[in-house]
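A.B. asks: Structure supplied as upload_11.pdb; contents: PDB, N, CA and C atoms.
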ATOM      1  N   MET A  17     113.784  34.329 105.776
ATOM      2  CA  MET A  17     113.460  33.508 104.620
ATOM      3  C   MET A  17     112.440  34.261 103.769
ATOM      4  N   ASN A  18     112.627  34.220 102.460
ATOM      5  CA  ASN A  18     111.694  34.868 101.556
ATOM      6  C   ASN A  18     110.388  34.085 101.494
ATOM      7  N   ASP A  19     109.305  34.795 101.220
ATOM      8  CA  ASP A  19     108.005  34.136 101.127
ATOM      9  C   ASP A  19     107.994  33.038 100.074
ATOM     10  N   TYR A  20     108.620  33.300  98.923
ATOM     11  CA  TYR A  20     108.611  32.294  97.865
ATOM     12  C   TYR A  20     109.437  31.072  98.252
ATOM     13  N   SER A  21     110.502  31.250  99.011
ATOM     14  CA  SER A  21     111.313  30.116  99.445
ATOM     15  C   SER A  21     110.501  29.180 100.331
ATOM     16  N   GLU A  22     109.717  29.759 101.198
ATOM     17  CA  GLU A  22     108.859  28.952 102.065
ATOM     18  C   GLU A  22     107.827  28.189 101.235
ATOM     19  N   CYS A  23     107.277  28.845 100.232
ATOM     20  CA  CYS A  23     106.309  28.186  99.344
ATOM     21  C   CYS A  23     106.956  27.026  98.594
ATOM     22  N   LEU A  24     108.177  27.235  98.119
ATOM     23  CA  LEU A  24     108.881  26.167  97.409
ATOM     24  C   LEU A  24     109.190  24.999  98.339
ATOM     25  N   ASP A  25     109.545  25.288  99.581
ATOM     26  CA  ASP A  25     109.789  24.222 100.556
ATOM     27  C   ASP A  25     108.519  23.417 100.810
ATOM     28  N   ILE A  26     107.391  24.104 100.926
ATOM     29  CA  ILE A  26     106.109  23.418 101.132
ATOM     30  C   ILE A  26     105.774  22.567  99.915
ATOM     31  N   ALA A  27     106.017  23.097  98.722
ATOM     32  CA  ALA A  27     105.758  22.333  97.494
ATOM     33  C   ALA A  27     106.615  21.068  97.459
ATOM     34  N   ARG A  28     107.884  21.191  97.821
ATOM     35  CA  ARG A  28     108.772  20.019  97.866
ATOM     36  C   ARG A  28     108.252  18.974  98.842
ATOM     37  N   GLN A  29     107.847  19.432 100.029
ATOM     38  CA  GLN A  29     107.340  18.506 101.047
ATOM     39  C   GLN A  29     106.084  17.783 100.553
ATOM     40  N   GLU A  30     105.174  18.527  99.934
ATOM     41  CA  GLU A  30     103.939  17.924  99.436
ATOM     42  C   GLU A  30     104.222  16.934  98.304
ATOM     43  N   LEU A  31     105.135  17.300  97.421
ATOM     44  CA  LEU A  31     105.486  16.391  96.329
ATOM     45  C   LEU A  31     106.161  15.130  96.858
ATOM     46  N   LYS A  32     106.979  15.268  97.894
ATOM     47  CA  LYS A  32     107.616  14.088  98.483
ATOM     48  C   LYS A  32     106.579  13.191  99.162
ATOM     49  N   LEU A  33     105.556  13.786  99.764
ATOM     50  CA  LEU A  33     104.466  12.992 100.332
ATOM     51  C   LEU A  33     103.712  12.253  99.229
ATOM     52  N   ALA A  34     103.448  12.946  98.122
ATOM     53  CA  ALA A  34     102.773  12.316  96.990
ATOM     54  C   ALA A  34     103.624  11.192  96.427
ATOM     55  N   GLN A  35     104.933  11.416  96.345
ATOM     56  CA  GLN A  35     105.852  10.406  95.838
ATOM     57  C   GLN A  35     105.807   9.156  96.713
ATOM     58  N   ALA A  36     105.799   9.334  98.025
ATOM     59  CA  ALA A  36     105.744   8.205  98.950
ATOM     60  C   ALA A  36     104.415   7.455  98.827
ATOM     61  N   ALA A  37     103.314   8.188  98.679
ATOM     62  CA  ALA A  37     102.004   7.556  98.537
ATOM     63  C   ALA A  37     101.927   6.756  97.236
ATOM     64  N   LEU A  38     102.457   7.319  96.166
ATOM     65  CA  LEU A  38     102.458   6.605  94.890
ATOM     66  C   LEU A  38     103.337   5.362  94.956
ATOM     67  N   LYS A  39     104.469   5.471  95.612
ATOM     68  CA  LYS A  39     105.358   4.313  95.766
ATOM     69  C   LYS A  39     104.641   3.198  96.522
ATOM     70  N   ARG A  40     103.930   3.580  97.577
ATOM     71  CA  ARG A  40     103.178   2.599  98.363
ATOM     72  C   ARG A  40     102.072   1.966  97.518
ATOM     73  N   ASP A  41     101.310   2.807  96.784
ATOM     74  CA  ASP A  41     100.219   2.295  95.960
ATOM     75  C   ASP A  41     100.725   1.353  94.873
ATOM     76  N   LEU A  42     101.863   1.692  94.266
ATOM     77  CA  LEU A  42     102.427   0.825  93.236
ATOM     78  C   LEU A  42     102.918  -0.489  93.829
ATOM     79  N   ALA A  43     103.510  -0.427  95.016
ATOM     80  CA  ALA A  43     104.018  -1.644  95.661
ATOM     81  C   ALA A  43     102.872  -2.566  96.075
ATOM     82  N   GLU A  44     101.740  -1.977  96.440
ATOM     83  CA  GLU A  44     100.595  -2.766  96.909
ATOM     84  C   GLU A  44      99.638  -3.149  95.785
ATOM     85  N   TYR A  45      99.933  -2.730  94.552
ATOM     86  CA  TYR A  45      99.022  -3.002  93.443
ATOM     87  C   TYR A  45      98.981  -4.507  93.186
ATOM     88  N   PRO A  46      97.774  -5.057  93.016
ATOM     89  CA  PRO A  46      97.664  -6.509  92.838
ATOM     90  C   PRO A  46      98.277  -6.980  91.514
ATOM     91  N   THR A  47      98.797  -8.194  91.529
ATOM     92  CA  THR A  47      99.358  -8.799  90.323
ATOM     93  C   THR A  47      98.352  -9.796  89.769
ATOM     94  N   PRO A  48      98.388 -10.234  88.575
ATOM     95  CA  PRO A  48      99.269  -9.799  87.506
ATOM     96  C   PRO A  48      98.826  -8.455  86.934
ATOM     97  N   ILE A  49      99.793  -7.766  86.333
ATOM     98  CA  ILE A  49      99.537  -6.466  85.747
ATOM     99  C   ILE A  49      99.568  -6.626  84.225
ATOM    100  N   ALA A  50      98.456  -6.344  83.615
ATOM    101  CA  ALA A  50      98.386  -6.409  82.153
ATOM    102  C   ALA A  50      98.878  -5.086  81.566
ATOM    103  N   GLY A  51      99.368  -5.125  80.345
ATOM    104  CA  GLY A  51      99.849  -3.912  79.686
ATOM    105  C   GLY A  51      98.769  -2.883  79.460
ATOM    106  N   CYS A  52      97.505  -3.302  79.508
ATOM    107  CA  CYS A  52      96.413  -2.367  79.269
ATOM    108  C   CYS A  52      95.695  -1.988  80.567
ATOM    109  N   ASP A  53      96.328  -2.180  81.698
ATOM    110  CA  ASP A  53      95.735  -1.853  82.999
ATOM    111  C   ASP A  53      95.760  -0.333  83.186
ATOM    112  N   GLU A  54      94.618   0.306  82.976
ATOM    113  CA  GLU A  54      94.552   1.770  83.013
ATOM    114  C   GLU A  54      94.906   2.350  84.380
ATOM    115  N   GLN A  55      94.446   1.729  85.443
ATOM    116  CA  GLN A  55      94.729   2.258  86.780
ATOM    117  C   GLN A  55      96.222   2.216  87.086
ATOM    118  N   PHE A  56      96.876   1.119  86.736
ATOM    119  CA  PHE A  56      98.310   0.999  86.984
ATOM    120  C   PHE A  56      99.072   2.009  86.124
ATOM    121  N   ASN A  57      98.693   2.113  84.856
ATOM    122  CA  ASN A  57      99.341   3.083  83.972
ATOM    123  C   ASN A  57      99.147   4.508  84.472
ATOM    124  N   HIS A  58      97.991   4.789  85.036
ATOM    125  CA  HIS A  58      97.737   6.118  85.611
ATOM    126  C   HIS A  58      98.685   6.371  86.789
ATOM    127  N   LEU A  59      98.873   5.376  87.634
ATOM    128  CA  LEU A  59      99.803   5.520  88.759
ATOM    129  C   LEU A  59     101.224   5.771  88.259
ATOM    130  N   LEU A  60     101.629   5.050  87.204
ATOM    131  CA  LEU A  60     102.956   5.273  86.634
ATOM    132  C   LEU A  60     103.091   6.686  86.085
ATOM    133  N   ASP A  61     102.043   7.167  85.428
ATOM    134  CA  ASP A  61     102.046   8.532  84.892
ATOM    135  C   ASP A  61     102.152   9.556  86.020
ATOM    136  N   GLN A  62     101.387   9.361  87.080
ATOM    137  CA  GLN A  62     101.431  10.292  88.205
ATOM    138  C   GLN A  62     102.805  10.281  88.876
ATOM    139  N   ARG A  63     103.401   9.100  88.984
ATOM    140  CA  ARG A  63     104.740   8.992  89.573
ATOM    141  C   ARG A  63     105.752   9.796  88.752
ATOM    142  N   GLU A  64     105.653   9.695  87.435
ATOM    143  CA  GLU A  64     106.563  10.426  86.562
ATOM    144  C   GLU A  64     106.330  11.936  86.656
ATOM    145  N   ARG A  65     105.094  12.350  86.750
ATOM    146  CA  ARG A  65     104.780  13.774  86.876
ATOM    147  C   ARG A  65     105.328  14.344  88.177
ATOM    148  N   VAL A  66     105.189  13.604  89.270
ATOM    149  CA  VAL A  66     105.726  14.054  90.561
ATOM    150  C   VAL A  66     107.244  14.108  90.498
ATOM    151  N   ARG A  67     107.856  13.095  89.911
ATOM    152  CA  ARG A  67     109.316  13.062  89.771
ATOM    153  C   ARG A  67     109.801  14.270  88.956
ATOM    154  N   ASN A  68     109.115  14.567  87.862
ATOM    155  CA  ASN A  68     109.490  15.712  87.025
ATOM    156  C   ASN A  68     109.302  17.039  87.757
ATOM    157  N   ALA A  69     108.242  17.146  88.541
ATOM    158  CA  ALA A  69     107.994  18.378  89.294
ATOM    159  C   ALA A  69     109.084  18.601  90.341
ATOM    160  N   LEU A  70     109.481  17.538  91.035
ATOM    161  CA  LEU A  70     110.568  17.657  92.015
ATOM    162  C   LEU A  70     111.879  18.037  91.324
ATOM    163  N   ALA A  71     112.141  17.423  90.189
ATOM    164  CA  ALA A  71     113.364  17.747  89.447
ATOM    165  C   ALA A  71     113.359  19.203  88.994
ATOM    166  N   ALA A  72     112.205  19.684  88.571
ATOM    167  CA  ALA A  72     112.103  21.076  88.127
ATOM    168  C   ALA A  72     112.344  22.046  89.280
ATOM    169  N   LEU A  73     111.895  21.700  90.470
ATOM    170  CA  LEU A  73     112.126  22.565  91.630
ATOM    171  C   LEU A  73     113.600  22.604  92.016
ATOM    172  N   GLU A  74     114.322  21.531  91.765
ATOM    173  CA  GLU A  74     115.729  21.455  92.151
ATOM    174  C   GLU A  74     116.679  21.984  91.081
ATOM    175  N   ALA A  75     116.222  22.020  89.839
ATOM    176  CA  ALA A  75     117.113  22.406  88.732
ATOM    177  C   ALA A  75     117.364  23.915  88.736
ATOM    178  N   PRO A  76     118.619  24.302  88.564
ATOM    179  CA  PRO A  76     118.901  25.735  88.451
ATOM    180  C   PRO A  76     118.393  26.255  87.106
ATOM    181  N   ASN A  77     117.850  27.438  87.120
ATOM    182  CA  ASN A  77     117.342  28.044  85.897
ATOM    183  C   ASN A  77     118.301  29.110  85.416
ATOM    184  N   PHE A  78     118.554  29.092  84.128
ATOM    185  CA  PHE A  78     119.377  30.116  83.511
ATOM    186  C   PHE A  78     118.484  31.292  83.156
ATOM    187  N   VAL A  79     118.826  32.457  83.668
ATOM    188  CA  VAL A  79     118.081  33.674  83.358
ATOM    189  C   VAL A  79     119.015  34.586  82.583
ATOM    190  N   PRO A  80     118.761  34.726  81.279
ATOM    191  CA  PRO A  80     119.659  35.570  80.490
ATOM    192  C   PRO A  80     119.514  37.033  80.874
ATOM    193  N   THR A  81     120.606  37.732  80.861
ATOM    194  CA  THR A  81     120.565  39.168  81.139
ATOM    195  C   THR A  81     120.849  39.921  79.849
ATOM    196  N   PRO A  82     120.245  41.072  79.680
ATOM    197  CA  PRO A  82     120.460  41.819  78.446
ATOM    198  C   PRO A  82     121.887  42.352  78.362
ATOM    199  N   ARG A  83     122.367  42.489  77.142
ATOM    200  CA  ARG A  83     123.715  43.016  76.934
ATOM    201  C   ARG A  83     123.753  44.515  77.182
ATOM    202  N   LYS A  84     122.617  45.189  77.040
ATOM    203  CA  LYS A  84     122.550  46.631  77.262
ATOM    204  C   LYS A  84     121.612  46.908  78.435
ATOM    205  N   LEU A  85     121.889  47.989  79.139
ATOM    206  CA  LEU A  85     121.070  48.309  80.312
ATOM    207  C   LEU A  85     119.636  48.599  79.929
ATOM    208  N   SER A  86     119.432  49.303  78.849
ATOM    209  CA  SER A  86     118.087  49.611  78.388
ATOM    210  C   SER A  86     118.124  49.853  76.885
ATOM    211  N   PRO A  87     117.003  49.677  76.203
ATOM    212  CA  PRO A  87     116.974  49.867  74.768
ATOM    213  C   PRO A  87     117.421  51.292  74.388
ATOM    214  N   GLY A  88     118.185  51.403  73.321
ATOM    215  CA  GLY A  88     118.614  52.710  72.846
ATOM    216  C   GLY A  88     119.915  53.203  73.448
ATOM    217  N   ARG A  89     120.429  52.540  74.467
ATOM    218  CA  ARG A  89     121.698  52.952  75.095
ATOM    219  C   ARG A  89     122.829  52.123  74.535
ATOM    220  N   SER A  90     123.992  52.683  74.516
ATOM    221  CA  SER A  90     125.137  51.958  73.979
ATOM    222  C   SER A  90     126.049  51.412  75.071
ATOM    223  N   ILE A  91     125.657  51.534  76.325
ATOM    224  CA  ILE A  91     126.469  51.050  77.427
ATOM    225  C   ILE A  91     126.081  49.600  77.710
ATOM    226  N   GLU A  92     127.066  48.721  77.679
ATOM    227  CA  GLU A  92     126.797  47.319  77.973
ATOM    228  C   GLU A  92     126.831  47.078  79.471
ATOM    229  N   SER A  93     126.099  46.067  79.908
ATOM    230  CA  SER A  93     125.992  45.771  81.328
ATOM    231  C   SER A  93     127.057  44.796  81.823
ATOM    232  N   ARG A  94     127.992  44.416  80.991
ATOM    233  CA  ARG A  94     128.976  43.435  81.461
ATOM    234  C   ARG A  94     130.157  44.058  82.080
TER     235      ARG A  94
END
Could you render the structure from this file as structure tokens?
C.D. replies:
Amino acid sequence: MNDYSECLDIARQELKLAQAALKRDLAEYPTPIAGCDEQFNHLLDQRERVRNALAALEAPNFVPTPRKLSPGRSIESR
């Protein structure tokens, strides 16, 4: 396994732990919830950030390759 793959796996595990903790905190948050409740809104923001981070780790990235092997050459790499 590559070193970076192990790091990404650890990041996924930590984000999933954070996701579970946020889910628990939101479920246990006292009612009623006002629209201006800063603590609750902060939890919602953190939940969205964790969700986005997990999605970013899972999404394939497009890495464009140059049409030429190196600048100044006329040989294409395709």
A.B. asks: Please determine, counting all atoms listed in the file, which residue among A:Leu38, A:Ala75, A:Ile49, A:Ala43 has the shortest atom-to-atom distance to Gln62 (chain A).
C.D. replies: A:Leu38
A.B. asks: Nearest to Gln55 (chain A) among A:Ala34, A:Asn68, A:Ser21, A:Asp41, with distances taken over only C-alpha atoms: which residue is it?
C.D. replies: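 Among A:Ala34, A:Asn68, A:Ser21, A:Asp41, it is A:Asp41 that comes nearest to Gln55 (chain A).
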A.B. asks: For CA of Tyr45 (chain A) and CA of Ala71 (chain A), determine how far apart the two atoms are, in Å to one decimal place.
C.D. replies: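 So the two atoms, CA of Tyr45 (chain A) and CA of Ala71 (chain A), lie 25.5 Å apart.
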A.B. asks: Please measure the separation of atom C of Val66 (chain A) and atom N of Leu31 (chain A), giving the value in Å to one decimal.
C.D. replies: 7.9 Å
A.B. asks: Record the distance separating CA of Thr47 (chain A) and CA of Asp61 (chain A), expressed in Å with one decimal.
C.D. replies: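 Between CA of Thr47 (chain A) and CA of Asp61 (chain A) the gap works out to 18.4 Å.
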A.B. asks: Need to verify the contact set: Ala69 (chain A), 12 Å, only C-alpha atoms, exclusion of same-chain residues closer than 3 positions in sequence. Can you return it as a PyMOL selection string?
C.D. replies: chain A and resi 24+27-32+34-35+62-66+72-75
